[in-house]
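J.: The following file, model21.cif, comprises mmCIF, C-alpha atoms:
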data_upload
#
loop_
_atom_site.label_atom_id
_atom_site.label_comp_id
_atom_site.auth_asym_id
_atom_site.auth_seq_id
_atom_site.Cartn_x
_atom_site.Cartn_y
_atom_site.Cartn_z
CA MET A 200 65.38 91.86 121.00
CA PRO A 201 65.52 89.00 118.45
CA ALA A 202 65.91 91.54 115.64
CA SER A 203 69.09 93.00 117.15
CA ILE A 204 70.65 89.54 117.65
CA ASN A 205 69.86 88.75 114.03
CA SER A 206 71.49 91.99 112.86
CA LEU A 207 74.55 91.29 115.06
CA HIS A 208 74.79 87.85 113.50
CA LYS A 209 74.64 89.32 109.98
CA MET A 210 77.26 91.89 110.91
CA ALA A 211 79.57 89.18 112.30
CA VAL A 212 79.21 87.13 109.11
CA TYR A 213 79.85 90.20 106.97
CA MET A 214 82.95 91.17 108.98
CA GLY A 215 84.24 87.59 108.73
CA ILE A 216 83.89 87.67 104.95
CA VAL A 217 85.58 91.08 104.69
CA SER A 218 88.44 89.97 106.98
CA GLY A 219 88.94 86.73 105.06
CA GLY A 220 88.94 88.61 101.77
CA GLY A 221 91.46 91.10 103.12
CA CYS A 222 93.79 88.31 104.23
CA ALA A 223 93.49 86.58 100.86
CA MET A 224 94.25 89.86 99.09
CA MET A 225 97.34 90.49 101.26
CA TYR A 226 98.61 86.95 100.57
CA TYR A 227 98.11 87.44 96.83
CA LEU A 228 99.90 90.81 96.84
CA MET A 229 102.84 89.42 98.82
CA GLN A 230 103.18 86.51 96.37
CA LYS A 231 103.03 88.93 93.46
CA ASN A 232 105.71 91.08 95.11
CA PHE A 233 108.02 88.05 95.44
CA ALA A 234 107.43 87.04 91.83
CA ARG A 235 108.33 90.52 90.55
CA SER A 236 111.52 90.87 92.58
CA GLU A 237 114.91 90.94 90.90
CA TYR A 238 116.47 88.29 93.16
CA TYR A 239 113.60 85.90 92.33
CA HIS A 240 113.90 86.46 88.56
CA ARG A 241 117.68 86.10 88.52
CA ALA A 242 117.54 82.78 90.39
CA LEU A 243 114.91 81.36 88.02
CA GLU A 244 116.91 82.58 85.04
CA GLN A 245 119.95 80.66 86.32
CA LEU A 246 117.80 77.54 86.78
CA ARG A 247 116.44 77.78 83.24
CA ASP A 248 120.01 78.14 81.88
CA ASN A 249 121.26 75.05 83.76
CA HIS A 250 120.65 72.04 81.51
CA THR A 251 121.47 69.46 84.21
CA ALA A 252 118.94 70.90 86.64
CA MET A 253 116.26 71.30 84.00
CA GLU A 254 116.79 67.73 82.79
CA SER A 255 116.58 66.39 86.37
CA LEU A 256 113.26 68.17 86.84
CA GLY A 257 111.93 66.99 83.47
CA ALA A 258 111.53 70.54 82.25
CA PRO A 259 110.44 72.25 80.14
CA PRO A 260 107.74 72.88 81.13
CA LEU A 261 109.03 74.31 84.39
CA GLN A 262 106.35 75.02 86.95
CA VAL A 263 107.12 77.59 89.62
CA HIS A 264 104.83 77.43 92.63
CA ASN A 265 104.01 80.01 95.30
CA VAL A 266 106.64 80.74 97.93
CA ARG A 267 105.51 79.70 101.43
CA LEU A 268 105.45 82.96 103.30
CA THR A 269 105.74 81.27 106.70
CA ASP A 270 108.80 79.18 105.78
CA ARG A 271 111.86 80.04 107.90
CA HIS A 272 114.10 79.80 104.79
CA ASN A 273 112.42 82.88 103.31
CA ARG A 274 114.09 85.97 104.70
CA VAL A 275 114.39 89.29 102.91
CA ASP A 276 115.76 92.53 104.32
CA LYS A 277 117.39 95.64 102.87
CA THR A 278 120.76 94.00 102.18
CA SER A 279 120.12 90.29 101.61
CA ALA A 280 117.49 87.87 100.37
CA LYS A 281 117.29 84.14 101.11
CA ILE A 282 114.33 82.40 99.53
CA LYS A 283 113.14 78.86 98.90
CA ILE A 284 111.18 78.60 95.63
CA PRO A 285 109.10 75.45 94.99
CA VAL A 286 109.61 74.20 91.42
CA SER A 287 108.54 71.11 89.49
CA GLY A 288 108.78 69.50 86.10
CA THR A 289 107.39 66.35 84.53
CA LYS A 290 109.97 64.03 86.19
CA SER A 291 110.59 65.53 89.61
CA ALA A 292 110.04 68.44 91.97
CA GLY A 293 112.04 70.25 94.59
CA TYR A 294 113.10 73.57 95.99
CA LEU A 295 115.36 76.23 94.55
CA TYR A 296 117.34 77.73 97.45
CA THR A 297 118.71 81.18 96.60
CA TYR A 298 120.87 83.72 98.36
CA SER A 299 121.38 87.25 97.02
CA ILE A 300 122.93 90.42 98.35
CA ARG A 301 122.01 93.96 97.44
CA ASP A 302 124.46 96.31 95.79
CA THR A 303 123.33 99.61 97.29
CA ILE A 304 125.49 101.70 94.94
CA MET A 305 124.04 100.26 91.73
CA ASN A 306 120.68 99.55 93.40
CA ARG A 307 120.38 95.93 92.24
CA TRP A 308 120.51 92.39 93.59
CA CYS A 309 123.49 90.08 93.04
CA LEU A 310 123.18 86.31 93.23
CA GLN A 311 125.58 84.58 95.56
CA GLU A 312 124.23 81.03 95.45
CA VAL A 313 121.45 79.06 93.76
CA VAL A 314 120.97 75.38 94.64
CA LEU A 315 118.27 72.99 93.46
CA GLN A 316 117.33 70.38 96.08
CA LEU A 317 115.20 67.63 94.55
CA ARG A 318 112.74 65.54 96.56
CA ASP A 319 114.85 62.41 96.03
CA GLY A 320 117.73 64.11 97.86
CA GLN A 321 119.78 65.05 94.81
CA ARG A 322 121.44 68.46 95.16
CA ILE A 323 122.45 70.45 92.08
CA GLU A 324 124.58 73.59 92.25
CA VAL A 325 122.81 75.85 89.77
CA TYR A 326 124.91 78.95 90.37
CA GLU A 327 127.88 79.66 92.56
CA PRO A 328 130.40 82.40 91.83
CA SER A 329 133.68 80.72 90.94
CA VAL A 330 137.18 81.98 91.64
CA ASP A 331 138.08 82.06 87.92
CA ASP A 332 135.42 84.54 86.94
CA ASP A 333 135.21 86.34 90.28
CA GLU A 334 136.34 89.65 88.78
CA VAL A 335 133.79 89.38 85.97
CA LYS A 336 131.00 88.56 88.45
CA GLN A 337 132.08 91.38 90.76
CA GLU A 338 132.13 93.84 87.86
CA GLU A 339 128.74 92.59 86.64
CA CYS A 340 127.23 92.87 90.11
CA PHE A 341 128.93 95.89 91.63
CA GLY A 342 129.84 97.83 88.50
CA GLN A 343 133.08 99.42 87.33
CA SER A 344 133.47 101.52 90.52
CA ALA A 345 133.97 98.43 92.70
CA MET A 346 136.70 97.13 90.40
CA ALA A 347 138.55 100.45 90.40
CA THR A 348 138.71 100.51 94.21
CA SER A 349 140.01 96.94 94.60
#
Once you've parsed the file, please lay out its structure as structure tokens.
T.:
Amino acid sequence: MPASINSLHKMAVYMGIVSGGGCAMMYYLMQKNFARSEYYHRALEQLRDNHTAMESLGAPPLQVHNVRLTDRHNRVDKTSAKIKIPVSGTKSAGYLYTYSIRDTIMNRWCLQEVVLQLRDGQRIEVYEPSVDDDEVKQEECFGQSAMATS
């Protein structure tokens, strides 16, 4: 009898290790999927191009941290993506809030808003489509076909 309890104990430990490893692997793959997405890259590109935001962070170097998968600000579906990306520099840190919509015709993501919220409360508009260049942004995002129909 003691031998079977010992083997059950070993099996429980083994299954715990396998389950923990599986969860860690899923977390890693989900983070990697976020980091490779178009909406994620476009938002970070806008941040890197915004000198005010980069200066407020104390970047370069810009450090981009893992997205919290359980955060309620992170929502992605087939047509829209809202994510909160933790970023930091040498002076400050904060979150990059992004909102993108999917152009199903051209099969790509189009930024609608990118805002950097620093820990000290400062809020910097990194990207927001303006009225002046609305046609250019629409053409860039939705292609020539969208402009022809409007």
J.: Check the smallest atom-to-atom distance from each of A:Val286, A:Leu317, A:Leu310, A:Leu207 to Glu237 (chain A) using all atoms listed in the file, then report the winner.
T.: A:Leu310
J.: Hey, what comes out of the PyMOL selection byres ((chain A and resi 307) around 12) on this file? Could you write it as a ChimeraX atom specification?
T.: /A:236-238,241,277-280,299-306,308-310,339-342
J.: Which residues come within 12 Å of His264 (chain A), counting all atoms listed in the file, excluding same-chain residues fewer than 2 positions away, as number ranges by chain?
T.: A: 230-231, 233-234, 243, 261-262, 266-267, 283-288, 292-295
J.: Those same residues - C-alpha atoms - I'd like them written as a compact mmCIF listing (two decimals), keeping the file's coordinate frame.
T.:
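As a result, again06.txt now contains:
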# COMPACT_ATOMS: atom_id res chain seq x y z
CA GLN A 230 103.18 86.51 96.37
CA LYS A 231 103.03 88.93 93.46
CA PHE A 233 108.02 88.05 95.44
CA ALA A 234 107.43 87.04 91.83
CA LEU A 243 114.91 81.36 88.02
CA LEU A 261 109.03 74.31 84.39
CA GLN A 262 106.35 75.02 86.95
CA VAL A 266 106.64 80.74 97.93
CA ARG A 267 105.51 79.70 101.43
CA LYS A 283 113.14 78.86 98.90
CA ILE A 284 111.18 78.60 95.63
CA PRO A 285 109.10 75.45 94.99
CA VAL A 286 109.61 74.20 91.42
CA SER A 287 108.54 71.11 89.49
CA GLY A 288 108.78 69.50 86.10
CA ALA A 292 110.04 68.44 91.97
CA GLY A 293 112.04 70.25 94.59
CA TYR A 294 113.10 73.57 95.99
CA LEU A 295 115.36 76.23 94.55
J.: Can you measure CA of Tyr326 (chain A) to CA of Ile282 (chain A) for me? One decimal in Å is fine.
T.: 14.4 Å
J.: Please report the interatomic distance between CA of Tyr227 (chain A) and CA of Arg318 (chain A) in Å with one decimal.
T.: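 A separation of 26.3 Å between them.
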J.: Might you pull out every residue within 12 Å of Lys290 (chain A), with only C-alpha atoms counted and same-chain residues fewer than 5 positions away left off, and present them as a PyMOL selection string?
T.: chain A and resi 252-262+317-319
J.: Restricting the calculation to all atoms listed in the file, which member of A:Pro328, A:Ile323, A:Asn265, A:Lys209 is positioned closest to Thr251 (chain A)?
T.: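 So, comparing all the options, the nearest one is A:Ile323.
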J.: Find the distance between CA of Arg274 (chain A) and CA of Thr297 (chain A) and write it in Å to one decimal.
T.: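 Distance reported for this atom pair: 10.5 Å.
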J.: From the structure just shown, export region 221-236 of chain A with all heavy atoms as a compact mmCIF listing (two decimals), in the first residue's frame.
T.:
# COMPACT_ATOMS: atom_id res chain seq x y z
N GLY A 221 2.69 24.16 -18.92
CA GLY A 221 1.72 24.45 -19.99
C GLY A 221 1.14 25.85 -19.86
O GLY A 221 0.99 26.56 -20.86
N CYS A 222 0.83 26.25 -18.64
CA CYS A 222 0.29 27.60 -18.41
C CYS A 222 1.33 28.66 -18.76
O CYS A 222 1.01 29.68 -19.39
CB CYS A 222 -0.15 27.76 -16.96
SG CYS A 222 -1.65 26.84 -16.57
N ALA A 223 2.57 28.42 -18.35
CA ALA A 223 3.65 29.36 -18.66
C ALA A 223 3.85 29.48 -20.17
O ALA A 223 4.04 30.57 -20.70
CB ALA A 223 4.93 28.93 -17.98
N MET A 224 3.77 28.36 -20.86
CA MET A 224 3.94 28.36 -22.32
C MET A 224 2.80 29.12 -22.99
O MET A 224 3.03 29.90 -23.92
CB MET A 224 4.00 26.92 -22.84
CG MET A 224 4.19 26.85 -24.33
SD MET A 224 5.73 27.61 -24.81
CE MET A 224 6.50 26.24 -25.59
N MET A 225 1.56 28.93 -22.53
CA MET A 225 0.42 29.65 -23.10
C MET A 225 0.57 31.16 -22.87
O MET A 225 0.30 31.96 -23.77
CB MET A 225 -0.89 29.16 -22.48
CG MET A 225 -1.33 27.81 -22.98
SD MET A 225 -1.65 27.80 -24.75
CE MET A 225 -3.08 28.84 -24.83
N TYR A 226 0.99 31.56 -21.68
CA TYR A 226 1.20 32.98 -21.37
C TYR A 226 2.25 33.57 -22.31
O TYR A 226 2.06 34.63 -22.89
CB TYR A 226 1.62 33.13 -19.91
CG TYR A 226 1.82 34.55 -19.48
CD1 TYR A 226 0.73 35.33 -19.09
CD2 TYR A 226 3.07 35.14 -19.47
CE1 TYR A 226 0.90 36.65 -18.70
CE2 TYR A 226 3.26 36.45 -19.09
CZ TYR A 226 2.16 37.20 -18.71
OH TYR A 226 2.32 38.49 -18.34
N TYR A 227 3.35 32.85 -22.48
CA TYR A 227 4.43 33.31 -23.36
C TYR A 227 3.93 33.45 -24.80
O TYR A 227 4.21 34.46 -25.46
CB TYR A 227 5.61 32.32 -23.30
CG TYR A 227 6.64 32.56 -24.36
CD1 TYR A 227 7.55 33.60 -24.26
CD2 TYR A 227 6.70 31.74 -25.48
CE1 TYR A 227 8.48 33.83 -25.25
CE2 TYR A 227 7.63 31.96 -26.48
CZ TYR A 227 8.52 33.01 -26.36
OH TYR A 227 9.45 33.24 -27.34
N LEU A 228 3.19 32.47 -25.30
CA LEU A 228 2.70 32.52 -26.67
C LEU A 228 1.69 33.65 -26.88
O LEU A 228 1.67 34.29 -27.94
CB LEU A 228 2.09 31.18 -27.07
CG LEU A 228 3.08 30.03 -27.20
CD1 LEU A 228 2.36 28.71 -27.45
CD2 LEU A 228 4.09 30.31 -28.30
N MET A 229 0.86 33.91 -25.87
CA MET A 229 -0.10 35.02 -25.98
C MET A 229 0.62 36.36 -26.00
O MET A 229 0.26 37.27 -26.76
CB MET A 229 -1.12 34.95 -24.86
CG MET A 229 -2.07 33.77 -25.02
SD MET A 229 -3.18 33.58 -23.64
CE MET A 229 -4.41 34.79 -24.04
N GLN A 230 1.66 36.51 -25.17
CA GLN A 230 2.46 37.74 -25.18
C GLN A 230 3.14 37.93 -26.53
O GLN A 230 3.19 39.04 -27.07
CB GLN A 230 3.52 37.70 -24.07
CG GLN A 230 2.98 37.87 -22.68
CD GLN A 230 2.44 39.26 -22.43
OE1 GLN A 230 2.73 40.23 -23.11
NE2 GLN A 230 1.61 39.36 -21.40
N LYS A 231 3.67 36.86 -27.06
CA LYS A 231 4.35 36.91 -28.35
C LYS A 231 3.36 37.29 -29.45
O LYS A 231 3.70 38.06 -30.35
CB LYS A 231 4.98 35.54 -28.63
CG LYS A 231 5.92 35.50 -29.78
CD LYS A 231 6.57 34.14 -29.86
CE LYS A 231 7.45 34.05 -31.08
NZ LYS A 231 8.06 32.73 -31.21
N ASN A 232 2.14 36.77 -29.37
CA ASN A 232 1.11 37.10 -30.34
C ASN A 232 0.76 38.58 -30.29
O ASN A 232 0.59 39.22 -31.33
CB ASN A 232 -0.13 36.23 -30.08
CG ASN A 232 -1.11 36.29 -31.22
OD1 ASN A 232 -0.74 36.44 -32.36
ND2 ASN A 232 -2.38 36.18 -30.89
N PHE A 233 0.63 39.15 -29.10
CA PHE A 233 0.39 40.59 -28.96
C PHE A 233 1.52 41.37 -29.59
O PHE A 233 1.30 42.32 -30.35
CB PHE A 233 0.30 41.00 -27.48
CG PHE A 233 -1.10 41.15 -26.98
CD1 PHE A 233 -1.57 40.33 -25.97
CD2 PHE A 233 -1.94 42.11 -27.48
CE1 PHE A 233 -2.86 40.47 -25.48
CE2 PHE A 233 -3.23 42.26 -27.00
CZ PHE A 233 -3.69 41.43 -26.00
N ALA A 234 2.75 41.01 -29.27
CA ALA A 234 3.92 41.76 -29.73
C ALA A 234 4.10 41.70 -31.24
O ALA A 234 4.71 42.60 -31.82
CB ALA A 234 5.17 41.23 -29.03
N ARG A 235 3.55 40.70 -31.90
CA ARG A 235 3.68 40.59 -33.35
C ARG A 235 2.51 41.22 -34.09
O ARG A 235 2.54 41.33 -35.31
CB ARG A 235 3.79 39.12 -33.76
CG ARG A 235 5.12 38.53 -33.41
CD ARG A 235 5.36 37.22 -34.09
NE ARG A 235 4.19 36.34 -34.09
CZ ARG A 235 4.24 35.04 -34.12
NH1 ARG A 235 5.39 34.43 -34.14
NH2 ARG A 235 3.13 34.32 -34.14
N SER A 236 1.49 41.66 -33.37
CA SER A 236 0.29 42.17 -34.04
C SER A 236 0.54 43.55 -34.66
O SER A 236 1.35 44.34 -34.21
CB SER A 236 -0.87 42.25 -33.05
OG SER A 236 -0.58 43.19 -32.05
